[in-house]
file work.txt (compact mmCIF, C-alpha atoms)
# COMPACT_ATOMS: atom_id res chain seq x y z
CA MET Q 1 19.90 6.21 -10.75
CA LYS Q 2 23.14 7.46 -9.31
CA ASN Q 3 25.42 5.08 -7.47
CA GLY Q 4 28.21 6.85 -5.69
CA GLY Q 5 29.92 3.73 -4.44
CA GLN Q 6 28.13 3.18 -1.16
CA GLU Q 7 24.92 5.04 -1.85
CA ILE Q 8 22.22 4.63 -4.50
CA VAL Q 9 20.10 7.71 -5.14
CA LEU Q 10 16.76 7.36 -6.95
CA GLU Q 11 14.70 10.37 -7.99
CA PHE Q 12 11.12 10.35 -9.25
CA ASN Q 13 8.99 13.28 -10.36
CA LEU Q 14 5.33 13.14 -9.38
CA LYS Q 15 2.37 14.88 -10.95
CA GLY Q 16 -0.69 15.89 -8.96
CA ALA Q 17 -3.92 13.98 -9.78
CA ASP Q 18 -2.05 11.41 -11.90
CA PHE Q 19 -3.72 8.38 -10.39
CA GLU Q 20 -2.79 6.05 -13.23
CA THR Q 21 0.89 6.07 -12.32
CA ALA Q 22 0.43 6.69 -8.58
CA GLY Q 23 2.58 4.18 -6.74
CA GLU Q 24 5.10 3.53 -9.51
CA ALA Q 25 7.89 5.38 -7.74
CA SER Q 26 7.38 3.32 -4.58
CA SER Q 27 7.22 0.16 -6.67
CA LYS Q 28 10.59 0.96 -8.27
CA ILE Q 29 12.17 1.83 -4.92
CA LYS Q 30 10.94 -1.51 -3.58
CA LEU Q 31 12.42 -3.36 -6.56
CA VAL Q 32 15.88 -1.80 -6.06
CA LEU Q 33 15.80 -2.65 -2.34
CA GLN Q 34 14.94 -6.25 -3.22
CA GLN Q 35 17.76 -6.39 -5.77
CA ILE Q 36 20.36 -5.27 -3.23
CA GLY Q 37 19.10 -7.79 -0.67
CA VAL Q 38 17.50 -5.65 2.05
CA ARG Q 39 15.36 -7.72 4.46
CA SER Q 40 11.75 -8.08 3.29
CA ASP Q 41 10.15 -6.73 6.50
CA ILE Q 42 12.38 -3.64 6.28
CA ILE Q 43 11.50 -3.19 2.59
CA ARG Q 44 7.82 -3.37 3.46
CA ARG Q 45 8.15 -0.50 5.95
CA ILE Q 46 10.08 1.64 3.46
CA ALA Q 47 7.55 0.88 0.70
CA ILE Q 48 4.56 1.75 2.91
CA GLY Q 49 6.12 5.07 3.97
CA SER Q 50 7.01 5.89 0.39
CA TYR Q 51 3.62 4.89 -1.02
CA GLU Q 52 1.61 6.86 1.53
CA ALA Q 53 3.76 9.93 0.85
CA GLU Q 54 3.51 9.43 -2.91
CA MET Q 55 -0.28 9.17 -2.70
CA ASN Q 56 -0.40 12.34 -0.61
CA VAL Q 57 1.45 14.26 -3.33
CA ILE Q 58 -0.84 12.85 -6.05
CA ILE Q 59 -3.97 13.65 -4.00
CA HIS Q 60 -3.10 17.08 -2.60
CA ALA Q 61 -0.24 18.72 -4.52
CA TYR Q 62 0.38 20.10 -8.02
CA ARG Q 63 3.70 18.34 -8.44
CA GLY Q 64 6.42 16.82 -6.32
CA LYS Q 65 9.54 14.70 -6.13
CA ILE Q 66 10.60 11.62 -4.19
CA THR Q 67 14.30 11.11 -3.57
CA ALA Q 68 15.36 7.78 -2.08
CA SER Q 69 18.94 7.63 -0.82
CA ILE Q 70 19.81 4.02 -0.16
CA SER Q 71 22.99 3.14 1.74
CA PRO Q 72 23.93 -0.24 3.24
CA GLN Q 73 22.79 1.05 6.65
CA GLN Q 74 19.56 2.88 5.87
CA THR Q 75 17.11 4.30 3.34
CA GLU Q 76 16.23 7.98 3.49
CA LEU Q 77 13.09 9.18 1.68
CA LEU Q 78 12.72 12.86 0.95
CA VAL Q 79 9.32 13.82 -0.45
CA GLU Q 80 8.91 17.45 -1.50
CA ASP Q 81 5.88 18.95 -3.16
CA GLU Q 82 4.54 22.20 -4.53
CA GLY Q 83 0.99 22.52 -3.35
CA PRO Q 84 -1.42 24.02 -0.87
CA GLY Q 85 0.66 23.00 2.15
CA ILE Q 86 -0.75 22.01 5.53
CA ALA Q 87 -2.09 24.73 7.82
CA ASP Q 88 -2.08 22.72 11.04
CA ILE Q 89 0.40 19.84 11.04
CA ASN Q 90 -0.64 18.61 14.50
CA LEU Q 91 -4.20 18.27 13.25
CA ALA Q 92 -3.06 16.53 10.05
CA MET Q 93 -1.09 14.01 12.14
CA GLN Q 94 -4.25 12.94 13.97
CA GLU Q 95 -5.73 9.67 12.76
CA GLY Q 96 -8.95 10.31 10.87
CA TYR Q 97 -8.35 13.97 10.05
CA SER Q 98 -8.53 14.51 6.29
CA THR Q 99 -9.17 17.24 3.77
CA ALA Q 100 -9.43 14.82 0.83
CA PRO Q 101 -12.54 15.10 -1.36
CA ASP Q 102 -15.08 12.31 -1.78
CA HIS Q 103 -13.73 10.98 -5.08
CA ILE Q 104 -10.41 10.26 -3.33
CA ARG Q 105 -12.20 8.45 -0.50
CA GLU Q 106 -14.03 6.33 -3.06
CA MET Q 107 -10.61 5.13 -4.24
CA GLY Q 108 -9.78 3.89 -0.74
CA PHE Q 109 -7.60 6.82 0.31
CA GLY Q 110 -8.13 10.11 2.10
CA ALA Q 111 -9.27 8.53 5.36
CA GLY Q 112 -6.84 10.58 7.38
CA MET Q 113 -4.39 7.75 8.00
CA GLY Q 114 -1.55 8.68 5.63
CA LEU Q 115 0.66 10.83 7.86
CA PRO Q 116 0.09 8.72 11.01
CA ASN Q 117 0.90 5.58 8.98
CA MET Q 118 4.12 7.10 7.68
CA SER Q 119 5.35 8.13 11.11
CA ARG Q 120 4.42 4.71 12.51
CA CYS Q 121 6.33 2.59 10.01
CA VAL Q 122 9.63 4.51 9.82
CA ASP Q 123 12.44 5.10 12.32
CA GLU Q 124 12.71 8.86 11.78
CA PHE Q 125 9.96 11.16 10.53
CA SER Q 126 9.88 14.92 10.09
CA ILE Q 127 7.53 17.22 8.23
CA GLU Q 128 7.68 20.88 7.29
CA SER Q 129 4.97 22.73 5.44
CA VAL Q 130 4.28 26.24 4.24
CA VAL Q 131 0.71 27.13 3.30
CA ASP Q 132 0.31 27.93 -0.42
CA THR Q 133 3.88 26.76 -1.08
CA GLY Q 134 4.29 23.08 -0.30
CA THR Q 135 5.27 20.30 2.06
CA LYS Q 136 8.51 18.46 2.73
CA ILE Q 137 8.64 15.10 4.47
CA ARG Q 138 11.81 13.24 5.47
CA MET Q 139 11.71 9.61 6.56
CA VAL Q 140 14.51 7.24 7.48
CA VAL Q 141 14.31 3.47 7.88
CA ARG Q 142 17.40 1.72 9.23
CA HIS Q 143 18.22 -1.61 7.59
CA GLY Q 144 19.52 -3.38 10.69
CA MET V 1 -4.93 -22.39 4.18
CA LYS V 2 -3.76 -22.15 0.58
CA LEU V 3 -5.18 -19.83 -2.05
CA VAL V 4 -6.66 -22.82 -3.84
CA ASP V 5 -8.67 -23.57 -0.66
CA VAL V 6 -9.79 -19.93 -0.48
CA GLN V 7 -11.01 -20.23 -4.04
CA MET V 8 -13.00 -23.34 -3.13
CA VAL V 9 -14.65 -22.18 0.12
CA LEU V 10 -15.61 -18.78 -1.33
CA LYS V 11 -16.77 -20.41 -4.59
CA SER V 12 -14.74 -17.77 -6.32
CA GLU V 13 -13.58 -17.39 -9.87
CA LEU V 14 -9.87 -16.96 -10.46
CA ILE V 15 -9.20 -13.93 -12.66
CA CYS V 16 -5.41 -14.21 -12.85
CA GLY V 17 -2.45 -15.82 -11.10
CA SER V 18 -3.19 -19.57 -11.37
CA GLU V 19 0.52 -20.24 -10.84
CA HIS V 20 0.23 -18.84 -7.28
CA LEU V 21 -2.69 -20.97 -6.06
CA ASN V 22 -0.48 -23.16 -3.89
CA LYS V 23 0.71 -20.20 -1.82
CA GLU V 24 -0.22 -20.22 1.86
CA ILE V 25 -2.08 -17.28 3.34
CA GLY V 26 -1.03 -16.22 6.83
CA THR V 27 -3.91 -13.92 7.75
CA ALA V 28 -6.78 -12.10 6.01
CA CYS V 29 -8.12 -8.57 6.05
CA GLY V 30 -11.46 -7.23 4.79
CA ALA V 31 -11.26 -3.49 4.02
CA ASP V 32 -12.05 -0.73 1.55
CA LEU V 33 -9.59 1.69 3.13
CA MET V 34 -6.17 1.14 1.65
CA SER V 35 -4.34 2.95 4.46
CA ASP V 36 -5.94 0.54 6.93
CA VAL V 37 -4.74 -2.34 4.77
CA LEU V 38 -1.20 -0.97 4.78
CA VAL V 39 -1.03 -0.46 8.52
CA PHE V 40 -2.94 -3.49 9.79
CA THR V 41 -1.94 -6.31 7.46
CA LYS V 42 1.22 -8.32 7.75
CA GLY V 43 3.14 -9.78 4.85
CA LYS V 44 1.39 -12.84 3.34
CA SER V 45 -2.08 -11.52 4.15
CA LEU V 46 -5.05 -11.98 1.84
CA LEU V 47 -7.11 -8.86 1.08
CA LEU V 48 -10.88 -9.00 0.63
CA THR V 49 -12.34 -5.78 -0.73
CA GLY V 50 -15.17 -4.18 -2.64
CA LEU V 51 -12.85 -1.75 -4.45
CA THR V 52 -11.60 -2.67 -7.90
CA ASN V 53 -9.32 0.23 -8.83
CA ILE V 54 -5.63 0.08 -9.64
CA GLN V 55 -4.63 1.37 -6.19
CA VAL V 56 -5.84 -1.90 -4.67
CA VAL V 57 -3.19 -3.77 -6.66
CA ARG V 58 -0.56 -1.16 -5.77
CA THR V 59 -1.48 -1.54 -2.12
CA ALA V 60 -1.17 -5.32 -2.38
CA GLU V 61 2.24 -4.94 -3.99
CA VAL V 62 3.54 -2.45 -1.42
CA GLY V 63 2.13 -4.46 1.49
CA ASP V 64 3.44 -7.85 0.26
CA LEU V 65 -0.09 -9.25 0.20
CA VAL V 66 -0.54 -12.77 -1.14
CA GLY V 67 -3.70 -12.13 -3.16
CA ILE V 68 -6.92 -10.14 -3.55
CA VAL V 69 -10.54 -11.35 -3.44
CA PHE V 70 -13.14 -8.96 -4.87
CA VAL V 71 -16.51 -9.38 -3.18
CA ARG V 72 -20.13 -9.06 -4.37
CA GLY V 73 -19.18 -10.16 -7.88
CA LYS V 74 -17.24 -6.97 -8.64
CA ARG V 75 -14.75 -7.38 -11.45
CA PRO V 76 -11.75 -5.12 -12.04
CA GLY V 77 -11.00 -3.61 -15.44
CA PRO V 78 -8.42 -5.06 -17.86
CA GLU V 79 -5.65 -2.62 -16.83
CA VAL V 80 -6.03 -3.67 -13.19
CA ILE V 81 -5.88 -7.36 -14.14
CA GLN V 82 -2.83 -6.74 -16.33
CA MET V 83 -0.98 -4.98 -13.53
CA ALA V 84 -1.80 -7.73 -11.03
CA ASP V 85 -0.59 -10.34 -13.50
CA ASP V 86 2.64 -8.40 -14.05
CA LYS V 87 3.20 -8.08 -10.29
CA GLY V 88 2.40 -11.73 -9.56
CA ILE V 89 -0.67 -10.94 -7.45
CA PRO V 90 -3.53 -13.43 -7.92
CA LEU V 91 -7.05 -12.00 -8.20
CA MET V 92 -10.35 -13.74 -7.49
CA VAL V 93 -13.97 -12.65 -7.53
CA THR V 94 -16.69 -14.09 -5.28
CA GLU V 95 -20.42 -13.45 -5.18
CA CYS V 96 -20.26 -13.33 -1.35
CA SER V 97 -20.53 -9.98 0.45
CA LEU V 98 -17.47 -8.74 2.34
CA TYR V 99 -19.04 -9.81 5.64
CA GLU V 100 -19.94 -13.28 4.38
CA ALA V 101 -16.58 -13.89 2.70
CA CYS V 102 -14.64 -12.87 5.83
CA GLY V 103 -16.94 -15.02 7.98
CA ILE V 104 -16.47 -18.08 5.79
CA LEU V 105 -12.68 -17.74 5.90
CA TYR V 106 -12.76 -17.15 9.65
CA VAL V 107 -14.73 -20.29 10.44
CA ASN V 108 -12.32 -22.17 8.20
CA GLY V 109 -9.46 -21.15 10.47
CA VAL V 110 -8.00 -18.06 8.77
CA LYS V 111 -6.94 -15.55 11.41
CA GLY V 112 -7.37 -11.79 11.28
CA CYS V 113 -4.54 -9.28 11.22
CA SER V 114 -4.88 -7.85 14.73
CA ARG V 115 -2.27 -8.82 17.28
CA GLU V 116 -4.59 -11.43 18.75
CA GLY V 117 -5.55 -12.64 15.28
CA GLY V 118 -9.22 -12.08 16.08
CA GLN V 119 -9.18 -15.16 18.34
CA ARG V 120 -12.37 -15.93 20.16
call {"tool": "encode", "arguments": {"input": "work.txt", "output": "structure tokens"}}
result
Amino acid sequence: MKNGGQEIVLEFNLKGADFETAGEASSKIKLVLQQIGVRSDIIRRIAIGSYEAEMNVIIHAYRGKITASISPQQTELLVEDEGPGIADINLAMQEGYSTAPDHIREMGFGAGMGLPNMSRCVDEFSIESVVDTGTKIRMVVRHG
Amino acid sequence: MKLVDVQMVLKSELICGSEHLNKEIGTACGADLMSDVLVFTKGKSLLLTGLTNIQVVRTAEVGDLVGIVFVRGKRPGPEVIQMADDKGIPLMVTECSLYEACGILYVNGVKGCSREGGQR
């Protein structure tokens, strides 16, 4: 954790297919937000965006990183992965579209709601992806 | 309705979290899709589900859910119970099916998570 006065920066490395620890990064981000007194409904939105993105990396990518930059005004989540990338982002943003295999669906994920959920619960959402390279998602939730 | 009342009407067994039984539940949600749970529940919702993996507890933590009821007598493994205990999320198991458990809670006045609360 780096705390440059006004901003706290948290970084977490993620490993593809590591379902045992999936969600720990989001859990730790949530804990820090609680400790610094961010409103609980705001924390919930940040945690949902972070958790959906974290699960996407675990499900689809080889490895990735979540960086949470927390200032008094907002939390920015940057989620970058090395993986297969997304060929058609517009299609991936549609509710119900999924490329996840059956064993992921049996765990309760991979129903094609991850990206739409992320964009719905944050104030700013952007996604870039290069096939066979990886995906980068940026989300911002304002605290006020 | 409090969690202790949920335990009674669903004739469920408490697996962990006895210290939380006096917590009120606001709404309830029956689902096996965790993304649906995240987007449709509100804080202080109760989750009823047939899934028993560790992601269910993570989802409850992230979504500020008040507890989890496993239906059809399904019991989670020890690592799932341990995590729920650590996170302060009470777990129960009922022999009811998901449909029956949701129905019993609904007729006992527990609202759903849609905007209208599933009002008739």
call {"tool": "closest_residue", "arguments": {"input": "work.txt", "among": "V:Val93, V:Ile104, V:Val6, V:Ala60", "to": "Met34 of chain V", "atoms": "only C-alpha atoms"}}
result
V:Ala60
call {"tool": "interface_residues", "arguments": {"input": "work.txt", "of": "chain V", "to": "chain Q", "cutoff": "7 Å", "atoms": "all atoms listed in the file", "output": "mmCIF file with C-alpha atoms, in the frame of the given file"}}
result
data_model
loop_
_atom_site.group_PDB
_atom_site.id
_atom_site.type_symbol
_atom_site.label_atom_id
_atom_site.label_comp_id
_atom_site.auth_asym_id
_atom_site.auth_seq_id
_atom_site.Cartn_x
_atom_site.Cartn_y
_atom_site.Cartn_z
ATOM 1 C CA ASP V 32 -12.050 -0.730 1.550
ATOM 2 C CA LEU V 33 -9.590 1.690 3.130
ATOM 3 C CA MET V 34 -6.170 1.140 1.650
ATOM 4 C CA SER V 35 -4.340 2.950 4.460
ATOM 5 C CA LEU V 38 -1.200 -0.970 4.780
ATOM 6 C CA VAL V 39 -1.030 -0.460 8.520
ATOM 7 C CA ASN V 53 -9.320 0.230 -8.830
ATOM 8 C CA ARG V 58 -0.560 -1.160 -5.770
ATOM 9 C CA VAL V 62 3.540 -2.450 -1.420
ATOM 10 C CA GLY V 63 2.130 -4.460 1.490
#
call {"tool": "atom_distance", "arguments": {"input": "work.txt", "atom1": "atom CA of Ile137 of chain Q", "atom2": "atom CA of Ile86 of chain Q"}}
result
11.7 Å
call {"tool": "residues_near_point", "arguments": {"input": "work.txt", "point": "(-10.1, -2.3, -14.8)", "cutoff": "12 Å", "atoms": "only C-alpha atoms", "output": "list in words"}}
result
Glu20 of chain Q; Ile15, Leu51, Thr52, Asn53, Ile54, Gln55, Val56, Val57, Lys74, Arg75, Pro76, Gly77, Pro78, Glu79, Val80, Ile81, Gln82, Met83 and Ala84 of chain V
call {"tool": "closest_residue", "arguments": {"input": "work.txt", "among": "Q:Gln94, Q:Thr99, Q:Asn56, Q:Thr75", "to": "Glu124 of chain Q", "atoms": "all atoms listed in the file"}}
result
Q:Thr75
call {"tool": "residues_around", "arguments": {"input": "work.txt", "residues": "Gly64 of chain Q", "least_positions_apart": "2", "cutoff": "6 Å", "atoms": "only C-alpha atoms", "output": "JSON list (two decimals) with C-alpha atoms, keeping the file's coordinate frame"}}
result
[["chain", "number", "residue", "atom", "x", "y", "z"],
["Q", 13, "ASN", "CA", 8.99, 13.28, -10.36],
["Q", 14, "LEU", "CA", 5.33, 13.14, -9.38],
["Q", 80, "GLU", "CA", 8.91, 17.45, -1.50],
["Q", 81, "ASP", "CA", 5.88, 18.95, -3.16],
["Q", 82, "GLU", "CA", 4.54, 22.20, -4.53]]
call {"tool": "closest_residue", "arguments": {"input": "work.txt", "among": "Q:Phe125, Q:Ser119, Q:Glu76, Q:Leu10", "to": "Glu95 of chain Q", "atoms": "all atoms listed in the file"}}
result
Q:Ser119
call {"tool": "atom_distance", "arguments": {"input": "work.txt", "atom1": "atom CA of Leu31 of chain Q", "atom2": "atom CA of Leu14 of chain V"}}
result
26.4 Å
call {"tool": "atom_distance", "arguments": {"input": "work.txt", "atom1": "atom CA of Met92 of chain V", "atom2": "atom CA of Gln34 of chain Q"}}
result
26.7 Å
call {"tool": "closest_residue", "arguments": {"input": "work.txt", "among": "Q:Thr67, Q:Ser129, Q:Gln73, Q:Gln35", "to": "Phe12 of chain Q", "atoms": "only C-alpha atoms"}}
result
Q:Thr67
call {"tool": "residues_around", "arguments": {"input": "work.txt", "residues": "Ile68 of chain V", "least_positions_apart": "2", "cutoff": "7 Å", "atoms": "only C-alpha atoms", "output": "list in words"}}
result
Leu46, Leu47, Leu48, Phe70, Pro90, Leu91 and Met92 of chain V
call {"tool": "residues_around", "arguments": {"input": "work.txt", "residues": "Ser69 of chain Q", "least_positions_apart": "6", "cutoff": "12 Å", "atoms": "all atoms listed in the file", "output": "ChimeraX atom specification"}}
result
/Q:1-4,6-12,29,32-33,46,75-79,138-142
call {"tool": "residues_near_point", "arguments": {"input": "work.txt", "point": "(1.8, 26.5, -2.0)", "cutoff": "8 Å", "atoms": "only C-alpha atoms", "output": "PyMOL selection string"}}
result
chain Q and resi 82-85+130-134
call {"tool": "closest_residue", "arguments": {"input": "work.txt", "among": "V:Val37, V:Leu65, V:Leu10, V:Leu3", "to": "Ile89 of chain V", "atoms": "only C-alpha atoms"}}
result
V:Leu65
call {"tool": "residues_around", "arguments": {"input": "work.txt", "residues": "Gly50 of chain V", "least_positions_apart": "5", "cutoff": "9 Å", "atoms": "all atoms listed in the file", "output": "PyMOL selection string"}}
result
chain V and resi 30-32+69-74+97-98
call {"tool": "decode", "arguments": {"input": "work.txt", "residues": "segment 83-143 of chain Q", "atoms": "C-alpha atoms", "output": "mmCIF file, in the first residue's frame"}}
result
data_model
loop_
_atom_site.group_PDB
_atom_site.id
_atom_site.type_symbol
_atom_site.label_atom_id
_atom_site.label_comp_id
_atom_site.auth_asym_id
_atom_site.auth_seq_id
_atom_site.Cartn_x
_atom_site.Cartn_y
_atom_site.Cartn_z
ATOM 1 C CA GLY Q 83 -5.032 -13.168 -21.902
ATOM 2 C CA PRO Q 84 -7.029 -13.966 -25.001
ATOM 3 C CA GLY Q 85 -8.613 -10.521 -25.176
ATOM 4 C CA ILE Q 86 -12.130 -9.793 -26.424
ATOM 5 C CA ALA Q 87 -12.787 -9.902 -30.165
ATOM 6 C CA ASP Q 88 -16.073 -7.990 -30.142
ATOM 7 C CA ILE Q 89 -16.480 -5.679 -27.151
ATOM 8 C CA ASN Q 90 -20.001 -4.588 -28.146
ATOM 9 C CA LEU Q 91 -21.081 -8.224 -28.112
ATOM 10 C CA ALA Q 92 -19.353 -8.847 -24.770
ATOM 11 C CA MET Q 93 -21.198 -5.868 -23.265
ATOM 12 C CA GLN Q 94 -24.563 -7.440 -24.095
ATOM 13 C CA GLU Q 95 -26.304 -9.073 -21.152
ATOM 14 C CA GLY Q 96 -26.244 -12.838 -21.512
ATOM 15 C CA TYR Q 97 -23.352 -13.081 -23.969
ATOM 16 C CA SER Q 98 -20.617 -15.302 -22.554
ATOM 17 C CA THR Q 99 -17.705 -17.418 -23.678
ATOM 18 C CA ALA Q 100 -17.212 -19.026 -20.254
ATOM 19 C CA PRO Q 101 -17.091 -22.833 -20.144
ATOM 20 C CA ASP Q 102 -19.614 -24.967 -18.261
ATOM 21 C CA HIS Q 103 -17.480 -25.509 -15.152
ATOM 22 C CA ILE Q 104 -17.452 -21.723 -14.623
ATOM 23 C CA ARG Q 105 -21.223 -21.551 -15.012
ATOM 24 C CA GLU Q 106 -21.580 -24.295 -12.415
ATOM 25 C CA MET Q 107 -19.799 -21.970 -9.978
ATOM 26 C CA GLY Q 108 -22.439 -19.283 -10.527
ATOM 27 C CA PHE Q 109 -20.444 -17.130 -12.937
ATOM 28 C CA GLY Q 110 -20.064 -16.875 -16.692
ATOM 29 C CA ALA Q 111 -23.692 -15.943 -17.325
ATOM 30 C CA GLY Q 112 -22.720 -12.976 -19.443
ATOM 31 C CA MET Q 113 -23.532 -10.359 -16.817
ATOM 32 C CA GLY Q 114 -20.037 -9.335 -15.679
ATOM 33 C CA LEU Q 115 -19.254 -6.454 -18.033
ATOM 34 C CA PRO Q 116 -22.831 -5.064 -18.039
ATOM 35 C CA ASN Q 117 -22.837 -5.226 -14.216
ATOM 36 C CA MET Q 118 -19.544 -3.346 -14.012
ATOM 37 C CA SER Q 119 -20.672 -0.558 -16.293
ATOM 38 C CA ARG Q 120 -23.983 -0.300 -14.417
ATOM 39 C CA CYS Q 121 -22.557 0.124 -10.932
ATOM 40 C CA VAL Q 122 -19.747 2.630 -11.597
ATOM 41 C CA ASP Q 123 -19.731 6.291 -12.659
ATOM 42 C CA GLU Q 124 -17.134 5.923 -15.419
ATOM 43 C CA PHE Q 125 -16.343 2.755 -17.360
ATOM 44 C CA SER Q 126 -13.991 2.145 -20.259
ATOM 45 C CA ILE Q 127 -12.595 -1.008 -21.791
ATOM 46 C CA GLU Q 128 -9.838 -1.691 -24.301
ATOM 47 C CA SER Q 129 -8.880 -5.109 -25.558
ATOM 48 C CA VAL Q 130 -6.447 -6.618 -28.013
ATOM 49 C CA VAL Q 131 -7.054 -10.184 -29.151
ATOM 50 C CA ASP Q 132 -4.306 -12.597 -28.023
ATOM 51 C CA THR Q 133 -2.780 -9.866 -25.838
ATOM 52 C CA GLY Q 134 -5.161 -8.804 -23.101
ATOM 53 C CA THR Q 135 -7.831 -6.485 -21.760
ATOM 54 C CA LYS Q 136 -7.730 -3.260 -19.782
ATOM 55 C CA ILE Q 137 -10.715 -1.936 -17.863
ATOM 56 C CA ARG Q 138 -10.889 1.406 -16.047
ATOM 57 C CA MET Q 139 -13.695 2.197 -13.633
ATOM 58 C CA VAL Q 140 -14.285 5.238 -11.452
ATOM 59 C CA VAL Q 141 -16.753 5.592 -8.597
ATOM 60 C CA ARG Q 142 -17.140 9.045 -7.065
ATOM 61 C CA HIS Q 143 -17.503 9.123 -3.286
#
